[in-house]
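Enquirer: File entry09.txt follows (compact mmCIF, C-alpha atoms):
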# COMPACT_ATOMS: atom_id res chain seq x y z
CA MET A 1 -23.18 -3.94 41.39
CA ARG A 2 -25.89 -4.76 38.91
CA SER A 3 -26.27 -1.14 37.91
CA LEU A 4 -22.50 -0.85 37.46
CA LEU A 5 -22.54 -3.89 35.17
CA ASN A 6 -25.48 -2.44 33.29
CA PHE A 7 -23.65 0.84 32.93
CA LEU A 8 -20.53 -0.92 31.60
CA LEU A 9 -22.58 -3.00 29.17
CA ARG A 10 -24.51 0.00 27.90
CA HIS A 11 -21.33 1.97 27.25
CA LYS A 12 -19.16 -0.92 26.14
CA THR A 13 -18.47 0.66 22.75
CA LEU A 14 -17.37 3.94 24.27
CA ILE A 15 -15.23 2.19 26.89
CA LEU A 16 -13.66 -0.06 24.26
CA PHE A 17 -13.01 3.00 22.09
CA LEU A 18 -11.31 4.94 24.88
CA PHE A 19 -9.28 1.90 25.91
CA MET A 20 -8.05 1.24 22.36
CA GLU A 21 -7.19 4.88 21.67
CA GLY A 22 -5.31 4.95 24.97
CA LEU A 23 -3.44 1.84 23.91
CA ALA A 24 -2.61 3.40 20.51
CA LEU A 25 -1.30 6.57 22.14
CA PHE A 26 0.73 4.50 24.57
CA MET A 27 2.31 2.57 21.68
CA LEU A 28 2.96 5.87 19.93
CA SER A 29 4.62 7.47 22.95
CA SER A 30 6.90 4.50 23.55
CA SER A 31 7.69 4.17 19.86
CA HIS A 32 11.25 5.43 20.17
CA ASN A 33 12.25 2.04 21.52
CA TYR A 34 9.85 0.06 19.40
CA HIS A 35 12.73 -1.49 17.55
CA GLN A 36 13.50 -3.50 20.63
CA THR A 37 10.01 -4.92 20.87
CA VAL A 38 9.54 -8.43 19.66
CA VAL A 39 6.42 -7.72 17.65
CA SER A 40 7.84 -5.21 15.25
CA ASN A 41 11.14 -7.02 15.00
CA SER A 42 9.53 -10.21 13.77
CA ALA A 43 7.12 -8.23 11.59
CA ARG A 44 10.11 -6.43 10.18
CA SER A 45 11.89 -9.61 9.22
CA ILE A 46 8.78 -10.76 7.32
CA SER A 47 8.09 -7.44 5.62
CA GLY A 48 11.81 -6.95 5.07
CA GLY A 49 11.91 -10.18 3.09
CA LEU A 50 8.83 -9.22 1.09
CA THR A 51 9.85 -5.69 0.29
CA GLU A 52 13.30 -6.94 -0.62
CA LYS A 53 11.78 -9.03 -3.41
CA VAL A 54 9.79 -6.06 -4.72
CA GLU A 55 12.85 -3.84 -4.45
CA ARG A 56 15.01 -6.31 -6.34
CA GLY A 57 12.67 -5.97 -9.30
CA ARG A 58 12.50 -2.21 -9.11
CA SER A 59 16.26 -1.74 -8.87
CA TYR A 60 16.58 -2.87 -12.50
CA PHE A 61 14.92 0.31 -13.66
CA ARG A 62 17.49 2.40 -11.87
CA LEU A 63 20.61 0.71 -13.20
CA ARG A 64 21.48 3.57 -15.54
CA ASP A 65 21.40 6.17 -12.76
CA VAL A 66 23.30 3.86 -10.44
CA ASN A 67 26.02 3.33 -13.04
CA GLU A 68 26.42 7.03 -13.64
CA GLY A 69 26.65 7.62 -9.90
CA LEU A 70 29.33 4.95 -9.57
CA VAL A 71 31.38 6.43 -12.39
CA ARG A 72 31.21 9.86 -10.76
CA GLU A 73 32.25 8.43 -7.44
CA ASN A 74 35.12 6.48 -8.98
CA LEU A 75 36.39 9.70 -10.45
CA LEU A 76 36.22 11.41 -7.08
CA LEU A 77 38.05 8.56 -5.38
CA ARG A 78 40.76 8.59 -8.04
CA GLN A 79 41.28 12.28 -7.44
CA ARG A 80 41.58 11.69 -3.71
CA LEU A 81 44.01 8.85 -4.28
CA GLU A 82 46.11 11.21 -6.34
CA ILE A 83 46.22 13.71 -3.51
CA LEU A 84 47.15 11.04 -0.99
CA GLN A 85 49.90 9.68 -3.18
CA THR A 86 51.49 13.07 -3.71
CA ASP A 87 51.20 13.65 0.04
CA THR A 88 53.34 10.69 0.93
CA ALA A 89 55.64 11.17 -2.01
CA THR A 90 56.89 14.51 -0.71
CA SER A 91 58.38 12.97 2.41
CA PHE A 92 60.72 10.49 0.66
CA ILE A 93 60.86 8.26 3.70
CA ALA A 94 58.28 5.63 4.46
CA PHE A 95 56.65 6.23 7.82
CA SER A 96 53.61 5.02 9.63
CA ASP A 97 51.65 7.96 10.86
CA THR A 98 49.35 7.09 13.72
CA LEU A 99 47.39 10.29 13.14
CA LYS A 100 46.41 9.08 9.70
CA LYS A 101 45.22 5.68 10.80
CA LEU A 102 41.84 4.40 9.79
CA ASN A 103 39.07 6.28 11.58
CA TYR A 104 36.00 5.01 9.77
CA ASN A 105 35.11 1.87 7.93
CA TYR A 106 32.47 1.37 5.28
CA LEU A 107 30.00 -1.35 4.49
CA ASP A 108 27.87 -1.37 1.36
CA ALA A 109 24.15 -2.05 1.70
CA LYS A 110 21.01 -2.04 -0.40
CA VAL A 111 17.86 -0.12 0.42
CA VAL A 112 14.92 -2.50 0.83
CA ASN A 113 12.35 0.02 2.01
CA ASN A 114 12.23 3.78 2.07
CA SER A 115 9.72 6.61 2.32
CA VAL A 116 9.79 10.36 1.82
CA SER A 117 6.15 11.34 2.27
CA ARG A 118 5.79 10.86 6.02
CA GLN A 119 6.85 13.27 8.70
CA LYS A 120 9.06 10.63 10.27
CA ASN A 121 10.72 8.69 7.48
CA PHE A 122 12.88 5.62 7.89
CA ILE A 123 15.13 3.68 5.52
CA THR A 124 15.36 -0.11 5.81
CA LEU A 125 18.67 -1.68 4.74
CA ASP A 126 19.60 -5.28 4.01
CA LYS A 127 22.53 -5.46 6.44
CA GLY A 128 22.04 -6.24 10.12
CA ARG A 129 23.68 -7.40 13.31
CA ASN A 130 25.26 -10.36 11.50
CA ASP A 131 27.16 -7.91 9.31
CA GLY A 132 28.36 -5.89 12.28
CA VAL A 133 25.87 -3.04 12.05
CA ILE A 134 25.09 -1.36 15.37
CA ASN A 135 22.91 1.57 16.42
CA GLY A 136 24.36 5.01 15.84
CA MET A 137 26.22 4.25 12.61
CA GLY A 138 25.82 6.67 9.70
CA VAL A 139 24.25 5.97 6.33
CA ALA A 140 25.34 7.75 3.16
CA CYS A 141 25.31 7.29 -0.59
CA SER A 142 27.71 8.58 -3.20
CA GLU A 143 25.81 11.90 -3.41
CA GLY A 144 25.67 12.60 0.31
CA ILE A 145 24.54 11.57 3.74
CA LEU A 146 21.14 9.93 4.29
CA GLY A 147 20.55 9.07 7.93
CA ILE A 148 21.58 7.31 11.10
CA ILE A 149 20.97 3.67 12.09
CA VAL A 150 18.42 3.47 14.90
CA GLY A 151 17.36 -0.17 14.87
CA VAL A 152 19.10 -3.42 14.03
CA SER A 153 17.73 -6.94 13.66
CA ARG A 154 19.62 -10.03 12.61
CA ASN A 155 19.69 -9.36 8.88
CA TYR A 156 18.18 -5.90 8.52
CA SER A 157 18.68 -2.48 9.96
CA VAL A 158 16.55 0.64 10.03
CA ALA A 159 17.99 4.12 9.65
CA MET A 160 16.27 7.29 10.71
CA SER A 161 16.22 9.22 7.45
CA LEU A 162 17.47 12.80 7.28
CA LEU A 163 13.84 13.39 6.29
CA ASN A 164 12.61 12.83 9.85
CA LEU A 165 11.43 15.52 12.25
CA ASP A 166 13.59 13.96 14.99
CA PHE A 167 16.79 14.05 12.92
CA ARG A 168 19.59 16.37 14.11
CA LEU A 169 23.13 16.52 12.81
CA SER A 170 26.00 18.93 13.19
CA ALA A 171 26.87 20.34 9.77
CA SER A 172 29.20 23.06 8.57
CA ILE A 173 29.60 25.46 5.67
CA ALA A 174 32.52 24.06 3.69
CA HIS A 175 34.41 27.23 2.86
CA ASN A 176 34.41 28.93 6.26
CA ASP A 177 33.82 26.04 8.70
CA TYR A 178 30.99 27.74 10.60
CA PHE A 179 28.84 24.95 11.95
CA GLY A 180 25.17 24.67 12.81
CA SER A 181 22.46 22.12 13.37
CA LEU A 182 20.91 20.41 10.36
CA SER A 183 17.29 19.31 10.57
CA TRP A 184 14.23 18.80 8.37
CA ASP A 185 11.00 20.78 8.69
CA GLY A 186 8.78 18.09 7.15
CA LYS A 187 7.76 20.13 4.13
CA ASN A 188 9.74 19.14 1.07
CA HIS A 189 11.98 16.12 0.61
CA ARG A 190 14.45 18.14 -1.46
CA TYR A 191 15.29 20.72 1.23
CA ALA A 192 16.58 20.73 4.81
CA GLN A 193 17.37 23.55 7.25
CA LEU A 194 20.70 24.57 8.73
CA SER A 195 20.08 26.57 11.91
CA GLU A 196 22.20 28.32 14.55
CA ILE A 197 24.41 30.12 12.03
CA PRO A 198 25.51 33.53 13.41
CA HIS A 199 24.29 36.68 11.63
CA HIS A 200 27.68 37.92 10.53
CA VAL A 201 28.58 34.85 8.49
CA ILE A 202 28.58 35.71 4.82
CA VAL A 203 27.00 33.03 2.66
CA THR A 204 26.27 32.87 -1.02
CA PRO A 205 23.79 30.63 -2.83
CA GLY A 206 25.50 27.45 -3.95
CA ASP A 207 27.83 27.20 -0.95
CA THR A 208 28.47 23.59 -0.05
CA ILE A 209 27.25 22.17 3.26
CA VAL A 210 29.21 19.22 4.62
CA THR A 211 29.29 17.12 7.77
CA SER A 212 31.32 18.68 10.58
CA GLY A 213 32.49 15.37 12.01
CA TYR A 214 31.82 16.58 15.56
CA SER A 215 29.42 13.81 16.46
CA ALA A 216 31.80 11.10 15.19
CA ILE A 217 28.97 9.51 13.24
CA PHE A 218 30.16 10.71 9.86
CA PRO A 219 33.70 11.65 8.88
CA PRO A 220 34.11 15.41 8.41
CA GLY A 221 33.63 16.80 4.91
CA LEU A 222 30.95 14.45 3.60
CA MET A 223 28.57 16.15 1.19
CA ILE A 224 25.11 17.12 2.46
CA GLY A 225 23.85 19.70 0.00
CA THR A 226 24.11 23.26 -1.24
CA LEU A 227 22.63 26.52 0.02
CA THR A 228 19.69 27.90 -1.94
CA GLY A 229 20.17 31.40 -0.58
CA ASP A 230 16.91 31.50 1.38
CA LYS A 231 17.40 32.81 4.92
CA LYS A 232 15.16 33.00 7.94
CA LYS A 233 16.17 35.34 10.74
CA GLY A 234 15.23 34.63 14.33
CA GLY A 235 16.97 35.78 17.51
CA ASP A 236 20.73 35.74 17.35
CA PHE A 237 20.93 33.24 14.54
CA VAL A 238 19.81 32.70 10.97
CA THR A 239 18.41 29.52 9.50
CA LEU A 240 19.58 28.65 6.01
CA LYS A 241 17.75 26.52 3.46
CA VAL A 242 19.81 23.63 2.13
CA GLU A 243 19.10 21.80 -1.09
CA LEU A 244 19.95 18.15 -0.36
CA SER A 245 22.22 16.58 -2.93
CA PRO A 246 21.02 12.96 -2.67
CA ASP A 247 17.62 12.28 -4.22
CA PHE A 248 15.84 10.43 -1.43
CA LYS A 249 13.23 9.18 -3.87
CA LYS A 250 15.64 6.92 -5.72
CA LEU A 251 18.01 5.24 -3.34
CA THR A 252 19.48 1.84 -4.14
CA ASN A 253 23.11 1.44 -3.15
CA VAL A 254 24.22 3.05 0.10
CA TYR A 255 27.08 2.84 2.58
CA ILE A 256 26.90 2.23 6.29
CA ILE A 257 29.67 4.16 8.00
CA GLY A 258 31.03 2.96 11.32
CA SER A 259 33.36 5.11 13.39
CA LEU A 260 36.20 3.15 14.96
CA ASN A 261 36.96 5.77 17.56
CA LYS A 262 33.47 6.83 18.52
CA ASP A 263 33.39 4.86 21.77
CA GLU A 264 36.76 6.21 22.83
CA ILE A 265 35.72 9.78 22.10
CA ARG A 266 32.45 9.40 23.94
CA ARG A 267 34.06 7.76 26.97
CA LEU A 268 36.58 10.55 27.20
CA GLU A 269 33.88 13.19 26.91
CA GLU A 270 31.77 11.50 29.57
CA GLU A 271 34.73 11.26 31.93
CA VAL A 272 35.45 14.96 31.60
CA VAL A 273 31.83 15.91 32.12
CA ASN A 274 31.48 13.68 35.18
CA GLU A 275 34.51 15.10 36.96
CA MET B 1 -19.43 -18.26 8.13
CA ASN B 2 -18.90 -18.00 4.40
CA ASN B 3 -18.90 -14.22 4.76
CA VAL B 4 -16.32 -14.31 7.55
CA LEU B 5 -14.01 -16.39 5.36
CA ARG B 6 -14.47 -14.07 2.40
CA TYR B 7 -13.85 -11.02 4.56
CA SER B 8 -10.65 -12.59 5.93
CA GLY B 9 -9.47 -13.09 2.36
CA VAL B 10 -10.26 -9.46 1.52
CA PHE B 11 -8.46 -8.40 4.71
CA VAL B 12 -5.23 -10.17 3.71
CA VAL B 13 -5.36 -8.93 0.11
CA LEU B 14 -5.99 -5.31 1.13
CA VAL B 15 -3.19 -5.32 3.71
CA LEU B 16 -0.76 -6.77 1.16
CA LEU B 17 -1.94 -4.28 -1.47
CA GLN B 18 -1.35 -1.44 0.98
CA LEU B 19 2.10 -2.59 2.07
CA LEU B 20 3.49 -3.64 -1.29
CA VAL B 21 1.83 -1.27 -3.75
CA PHE B 22 0.23 1.78 -2.18
CA ASN B 23 2.96 2.44 0.40
CA ASN B 24 5.26 2.90 -2.59
CA ILE B 25 3.03 5.48 -4.26
CA GLN B 26 4.08 8.94 -3.21
CA PHE B 27 3.08 11.81 -5.44
CA SER B 28 5.01 14.98 -4.66
CA GLY B 29 5.44 14.15 -1.00
CA TYR B 30 1.88 15.13 -0.12
CA ILE B 31 -0.19 12.22 -1.29
CA ASN B 32 -0.04 8.73 0.13
CA PRO B 33 -3.26 6.77 -0.41
CA TYR B 34 -4.25 4.43 2.41
CA VAL B 35 -6.69 2.07 0.69
CA TYR B 36 -6.71 -0.40 3.56
CA VAL B 37 -9.33 1.86 5.20
CA MET B 38 -11.69 0.01 2.85
CA LEU B 39 -11.61 -2.79 5.46
CA ILE B 40 -13.69 -0.60 7.77
CA ILE B 41 -15.96 0.67 5.00
CA ILE B 42 -17.06 -2.73 3.66
CA LEU B 43 -18.14 -4.22 7.01
CA PRO B 44 -21.90 -4.99 7.04
CA LEU B 45 -23.94 -2.03 8.31
CA SER B 46 -25.70 -4.21 10.87
CA LEU B 47 -22.48 -5.36 12.54
CA PRO B 48 -22.37 -4.39 16.27
CA SER B 49 -20.17 -1.35 16.78
CA TRP B 50 -17.85 -3.04 19.27
CA VAL B 51 -17.01 -5.72 16.67
CA VAL B 52 -16.24 -2.94 14.16
CA LEU B 53 -13.91 -1.37 16.74
CA ILE B 54 -12.01 -4.60 17.32
CA ILE B 55 -11.58 -5.22 13.58
CA ALA B 56 -10.46 -1.60 13.10
CA PHE B 57 -7.93 -1.99 15.89
CA LEU B 58 -6.53 -5.18 14.35
CA ALA B 59 -6.27 -3.63 10.89
CA GLY B 60 -4.46 -0.55 12.23
CA PHE B 61 -2.18 -2.62 14.41
CA ILE B 62 -1.10 -4.87 11.54
CA ILE B 63 -0.38 -1.93 9.23
CA ASP B 64 1.54 -0.25 12.06
CA ALA B 65 3.61 -3.33 12.83
CA PHE B 66 4.62 -3.75 9.21
CA SER B 67 5.37 -0.13 8.42
CA GLY B 68 7.14 0.67 11.69
CA THR B 69 4.77 3.44 12.79
CA MET B 70 3.57 2.03 16.11
CA GLY B 71 0.21 3.46 17.18
CA VAL B 72 -0.32 6.00 14.40
CA HIS B 73 -2.51 3.87 12.13
CA THR B 74 -4.13 2.12 15.10
CA PHE B 75 -5.28 5.46 16.48
CA ALA B 76 -6.72 6.49 13.11
CA THR B 77 -8.55 3.23 12.33
CA VAL B 78 -10.10 3.02 15.81
CA MET B 79 -11.27 6.61 15.41
CA ALA B 80 -12.79 5.81 12.01
CA GLY B 81 -14.45 2.66 13.40
CA PHE B 82 -15.90 4.66 16.29
CA VAL B 83 -17.58 7.34 14.15
CA ARG B 84 -18.83 4.83 11.58
CA PRO B 85 -22.31 4.39 13.18
CA TRP B 86 -22.94 8.16 13.04
CA ILE B 87 -21.76 8.36 9.45
CA ILE B 88 -24.11 5.50 8.60
CA SER B 89 -27.05 7.28 10.23
CA LEU B 90 -26.11 10.54 8.44
CA ASN B 91 -26.03 8.81 5.07
CA MET B 92 -28.99 6.50 5.60
CA THR B 93 -31.65 7.06 3.00
CA HIS B 94 -34.87 5.18 2.41
CA GLU B 95 -33.48 3.34 -0.59
CA ALA B 96 -30.53 1.97 1.37
CA ALA B 97 -30.12 -1.70 0.71
CA ASP B 98 -30.11 -4.70 3.02
CA PRO B 99 -27.97 -3.83 6.08
CA ASP B 100 -26.69 -7.40 6.43
CA ILE B 101 -24.61 -7.39 3.28
CA SER B 102 -21.45 -5.35 3.00
CA PRO B 103 -21.67 -1.87 1.44
CA SER B 104 -20.59 -1.57 -2.18
CA VAL B 105 -21.33 0.46 -5.28
CA GLN B 106 -23.50 -2.34 -6.57
CA ASN B 107 -25.58 -2.71 -3.39
CA ASN B 108 -25.93 0.92 -2.36
CA GLY B 109 -25.36 2.97 -5.49
CA LEU B 110 -22.33 4.98 -6.50
CA ARG B 111 -23.45 8.21 -4.84
CA TRP B 112 -24.16 6.62 -1.44
CA PHE B 113 -20.98 4.53 -1.44
CA PHE B 114 -18.83 7.46 -2.49
CA MET B 115 -20.18 9.76 0.25
CA PHE B 116 -19.92 7.01 2.86
CA ALA B 117 -16.34 6.15 1.89
CA LEU B 118 -15.35 9.82 1.65
CA MET B 119 -16.52 10.62 5.18
CA ILE B 120 -14.90 7.60 6.81
CA VAL B 121 -11.64 8.18 4.93
CA LEU B 122 -11.72 11.86 5.93
CA VAL B 123 -12.05 11.02 9.63
CA HIS B 124 -9.31 8.40 9.32
CA HIS B 125 -6.91 10.73 7.51
CA LEU B 126 -7.58 13.65 9.87
CA ALA B 127 -6.64 11.46 12.83
CA LEU B 128 -3.74 9.84 10.97
CA PHE B 129 -1.95 12.92 9.69
CA TYR B 130 -2.36 15.02 12.83
CA VAL B 131 -1.25 12.19 15.11
CA GLU B 132 1.70 11.55 12.81
CA VAL B 133 2.90 15.16 13.07
CA PHE B 134 1.76 15.30 16.71
CA SER B 135 1.44 19.06 16.75
CA PHE B 136 -0.79 21.75 15.29
CA SER B 137 2.16 23.76 14.00
CA GLY B 138 1.90 23.83 10.24
CA PHE B 139 -1.85 23.25 10.66
CA PHE B 140 -2.82 24.22 7.13
CA ARG B 141 -0.08 22.25 5.44
CA THR B 142 -1.16 19.11 7.27
CA PHE B 143 -4.77 19.97 6.41
CA LEU B 144 -3.86 20.16 2.73
CA ARG B 145 -2.22 16.74 2.96
CA VAL B 146 -5.39 15.39 4.61
CA ILE B 147 -7.70 16.74 1.92
CA VAL B 148 -5.61 15.69 -1.07
CA SER B 149 -4.86 12.23 0.32
CA THR B 150 -8.53 11.75 1.26
CA LEU B 151 -9.60 12.42 -2.32
CA PHE B 152 -7.03 10.00 -3.70
CA THR B 153 -7.77 7.25 -1.18
CA THR B 154 -11.54 7.53 -1.80
CA PHE B 155 -10.95 7.46 -5.54
CA PHE B 156 -8.90 4.26 -5.30
CA ILE B 157 -11.43 2.64 -2.94
CA VAL B 158 -14.34 3.34 -5.31
CA ILE B 159 -12.32 2.06 -8.28
CA LEU B 160 -11.33 -1.09 -6.38
CA ASP B 161 -14.95 -1.68 -5.45
CA MET B 162 -16.16 -1.17 -9.01
CA ILE B 163 -13.63 -3.65 -10.35
CA GLY B 164 -15.46 -6.05 -8.07
CA TRP B 165 -12.47 -8.16 -7.18
CA ARG B 166 -13.86 -9.20 -3.81
CA ARG B 167 -16.71 -11.23 -5.24
As a first step, turn the structure in this file into structure tokens.

Expert:
Amino acid sequence: MRSLLNFLLRHKTLILFLFMEGLALFMLSSSHNYHQTVVSNSARSISGGLTEKVERGRSYFRLRDVNEGLVRENLLLRQRLEILQTDTATSFIAFSDTLKKLNYNYLDAKVVNNSVSRQKNFITLDKGRNDGVINGMGVACSEGILGIIVGVSRNYSVAMSLLNLDFRLSASIAHNDYFGSLSWDGKNHRYAQLSEIPHHVIVTPGDTIVTSGYSAIFPPGLMIGTLTGDKKKGGDFVTLKVELSPDFKKLTNVYIIGSLNKDEIRRLEEEVVNE
Amino acid sequence: MNNVLRYSGVFVVLVLLQLLVFNNIQFSGYINPYVYVMLIIILPLSLPSWVVLIIAFLAGFIIDAFSGTMGVHTFATVMAGFVRPWIISLNMTHEAADPDISPSVQNNGLRWFFMFALMIVLVHHLALFYVEVFSFSGFFRTFLRVIVSTLFTTFFIVILDMIGWRR
């Protein structure tokens, strides 16, 4: 007993070291549900408040870019409105089309914290549970999609950025509708990879990549980026390099996108699979 | 007692500096200086190693909790705290100053402090970046990030020390 105690005392530093590293690795391995833990949630509400103050100051320097972005988006929306109006005008009779009912709703939010230099980047937003944000909603800005909400506290939410090694999203090539899986390889914050595209698909540099809408997180046709023309062949598929259209280094105003039919779609899919 | 109080003050300031200023510095996606490692560097050389470990754990845990990277920084700081005694014995020269006061450029000379800081930061960053990626694929790219960030972090730590704000 005495010799055991002596042994423990002599190696207390080593034992402490191994214990603490074990603890760190344990925290790391269970980090996918860390948003539920009390510690980081309360820490987040403190740091969220602090970084919000810093961010409020910094957003002044980006007002010009923000304005230009808003003007561009206004233009786009006007064009869409035009298309919609001509659509209904051709029918002459007023009708309520249940197929064209609202599928997604939008909530504007401000970025309070953001990173691009890590391998697993997250974006913190100033809207939370009180504003109706729930896990699994999409985040986009006027230039394109940004990420998916993975953690929500009372007044803040955290989105897994597209620039995260764990990020996966179904995306398609706009002009021929072939779809693949969009992910990020952790190298450059301007580029992502679109994999699982069959060999025979003809692509040209500059082709637009948009959301496919299959996962019901984002509506179909939202901008993601453009092809650079770089290809990597492997097995039956090619992987294409995508230049992301939003600049992740200067995000201020973003939208949170909630799908109104996501639960219904998922329930139906689960039912079918279970039978 | 006085020293403990002063160190606590330095602790708070460095953590805030890291979270509010240095976490926002990102050159070209490769470089992200982590100056809070200075907390481990400026502990008195004579401090028992298990105390160093506990302080390192706390520092890493706080940074982790506030930046939402549970375990990554904790792993790295504990690793840096653990190898600190060996780095001290590697760097120890006959002109090394009083081991009871905390290391600084003024007490130990620029050359000693720089080498000491560089080695601790290197160990910390090696652990940090490889645990963050959690794989050895892209080994050399991660290695490049380690080297470049280490140089920047050490540079900032030496500058901060020379400004002498903690006195």

Enquirer: Restricting the calculation to all atoms listed in the file: of B:Arg141, B:Arg6, B:Arg111, B:His125, which residue gets closest to chain A?

Expert: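 When distances to chain A are compared using all atoms listed in the file, the smallest one comes from B:Arg141.
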
Enquirer: Please provide as an NGL selection string all residues within 12 Å of Asp100 (chain B), with the sequence filter that same-chain residues fewer than 6 positions apart are discarded (counting all atoms listed in the file).

Expert: :B and (3 or 42-48 or 107)

Enquirer: Would you kindly return, as a PyMOL selection string, each protein, DNA or RNA residue with an atom no farther than 9 Å from any atom of region 10-16 of chain B, considering all atoms listed in the file and excluding same-chain residues fewer than 6 positions away?

Expert: chain B and resi 35-39+59+62-63+166

Enquirer: Can those selected residues be exported to a file as a PDB file, in the frame of the given file so that it contains C-alpha atoms?

Expert:
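Written output follows (selection_9.pdb):
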ATOM      1  CA  VAL B  35      -6.690   2.070   0.690  1.00  0.00           C
ATOM      2  CA  TYR B  36      -6.710  -0.400   3.560  1.00  0.00           C
ATOM      3  CA  VAL B  37      -9.330   1.860   5.200  1.00  0.00           C
ATOM      4  CA  MET B  38     -11.690   0.010   2.850  1.00  0.00           C
ATOM      5  CA  LEU B  39     -11.610  -2.790   5.460  1.00  0.00           C
ATOM      6  CA  ALA B  59      -6.270  -3.630  10.890  1.00  0.00           C
ATOM      7  CA  ILE B  62      -1.100  -4.870  11.540  1.00  0.00           C
ATOM      8  CA  ILE B  63      -0.380  -1.930   9.230  1.00  0.00           C
ATOM      9  CA  ARG B 166     -13.860  -9.200  -3.810  1.00  0.00           C
TER      10      ARG B 166
END

Enquirer: Here is a test: counting all atoms listed in the file, which residue of B:Val51, B:Leu90, B:Ile159, B:Ile120 is nearest to chain A?

Expert: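 Ranking B:Val51, B:Leu90, B:Ile159, B:Ile120 by distance to chain A, first place goes to B:Val51.
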
Enquirer: Using all atoms listed in the file, which of the listed residues (A:Asn103, A:Ser170, A:Asn114, A:Thr228) sits closest to Gly68 (chain B)?

Expert: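 That would be A:Asn114, the residue with the smallest distance to Gly68 (chain B).
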
Enquirer: Of the candidates B:Phe113, B:Phe66, B:Phe143, B:Phe134, which shows the shortest atom-to-atom distance to Leu28 (chain A), using all atoms listed in the file?

Expert: B:Phe134

Enquirer: How close does chain B get to chain A? List, as JSON lines, each residue of chain B within 6 Å, its nearest atom pair and the distance in Å to one decimal, counting only C-alpha atoms.

Expert:
{"residue": "B:Gly29", "atom": "CA", "partner": "A:Ser117", "partner_atom": "CA", "distance": 4.4}
{"residue": "B:Trp50", "atom": "CA", "partner": "A:Thr13", "partner_atom": "CA", "distance": 5.1}
{"residue": "B:Ala65", "atom": "CA", "partner": "A:Ser40", "partner_atom": "CA", "distance": 5.2}
{"residue": "B:Phe66", "atom": "CA", "partner": "A:Ala43", "partner_atom": "CA", "distance": 5.7}
{"residue": "B:Met70", "atom": "CA", "partner": "A:Leu28", "partner_atom": "CA", "distance": 5.5}
{"residue": "B:Gly71", "atom": "CA", "partner": "A:Ala24", "partner_atom": "CA", "distance": 4.4}
{"residue": "B:Thr74", "atom": "CA", "partner": "A:Ala24", "partner_atom": "CA", "distance": 5.8}
{"residue": "B:Phe75", "atom": "CA", "partner": "A:Ala24", "partner_atom": "CA", "distance": 5.3}

Enquirer: Applying 7 Å and all atoms listed in the file, which residues near Met137 (chain A) remain after dropping the ones on its own chain fewer than 6 positions away? List them as a ChimeraX atom specification.

Expert: /A:148-149,217,256-258

Enquirer: Measure the distance from CA of Val71 (chain A) to CA of Asp126 (chain A) in Å and round it to one decimal.

Expert: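 We find that CA of Val71 (chain A) and CA of Asp126 (chain A) lie 23.3 Å from each other.
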
Enquirer: So that I can check the surroundings of Lys110 (chain A), please list as a list of chain:residue names every protein, DNA and RNA residue that reaches within 12 Å of it, counting only C-alpha atoms and ignoring chain neighbours fewer than 5 positions away.

Expert: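 Here the answer would be A:Gly48, A:Thr51, A:Glu52, A:Lys53, A:Glu55, A:Arg56, A:Ser59, A:Val66, A:Ile123, A:Thr124, A:Leu125, A:Asp126, A:Lys127, A:Gly128, A:Val139, A:Ala140, A:Cys141, A:Asn155, A:Tyr156, A:Ser157, A:Val158, A:Lys250, A:Leu251, A:Thr252, A:Asn253, A:Val254, A:Tyr255, A:Ile256.
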
Enquirer: Taking (17.8, 9.0, 11.2) as a centre in this file's frame and 6 Å as the limit, can you find every polymer residue with an atom that close, using all atoms listed in the file, and give them as number ranges by chain?

Expert: A: 147-148, 159-162, 167

Enquirer: Write to file, as an mmCIF file, keeping the file's coordinate frame, the residues of the selection just made, with C-alpha atoms.

Expert:
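This is the output file selection-v3.cif:
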data_model
loop_
_atom_site.group_PDB
_atom_site.id
_atom_site.type_symbol
_atom_site.label_atom_id
_atom_site.label_comp_id
_atom_site.auth_asym_id
_atom_site.auth_seq_id
_atom_site.Cartn_x
_atom_site.Cartn_y
_atom_site.Cartn_z
ATOM 1 C CA GLY A 147 20.550 9.070 7.930
ATOM 2 C CA ILE A 148 21.580 7.310 11.100
ATOM 3 C CA ALA A 159 17.990 4.120 9.650
ATOM 4 C CA MET A 160 16.270 7.290 10.710
ATOM 5 C CA SER A 161 16.220 9.220 7.450
ATOM 6 C CA LEU A 162 17.470 12.800 7.280
ATOM 7 C CA PHE A 167 16.790 14.050 12.920
#

Enquirer: Between CA of Leu151 (chain B) and CA of Val121 (chain B), measure the distance and give it in Å to one decimal.

Expert: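 It comes out at 8.6 Å.
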
Enquirer: Just how far from CA of Arg168 (chain A) is CA of Ala76 (chain B), in Å to one decimal?

Expert: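 Between these atoms lies a distance of 28.1 Å.
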
Enquirer: Which one is closest to Ile209 (chain A): A:Phe61, A:Phe7, A:Tyr178, A:Tyr106? Count all atoms listed in the file.

Expert: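 Of A:Phe61, A:Phe7, A:Tyr178, A:Tyr106, the one nearest Ile209 (chain A) is A:Tyr178, counting all atoms listed in the file.
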
Enquirer: With 3 Å of padding per side, what axis-aligned box (centre and edge lengths, Å, one decimal) covers all the listed atoms of region 207-215 of chain A? Give it as JSON.

Expert:
{"center_x": 29.9, "center_y": 20.5, "center_z": 7.8, "size_x": 11.2, "size_y": 19.4, "size_z": 23.4}

Enquirer: Set the distance at 8 Å and use all atoms listed in the file: which residues neighbour Ile173 (chain A) once local chain neighbours fewer than 3 positions away are removed? I'd like the list as an MDAnalysis selection string.

Expert: chainID A and resid 176:179 207:210
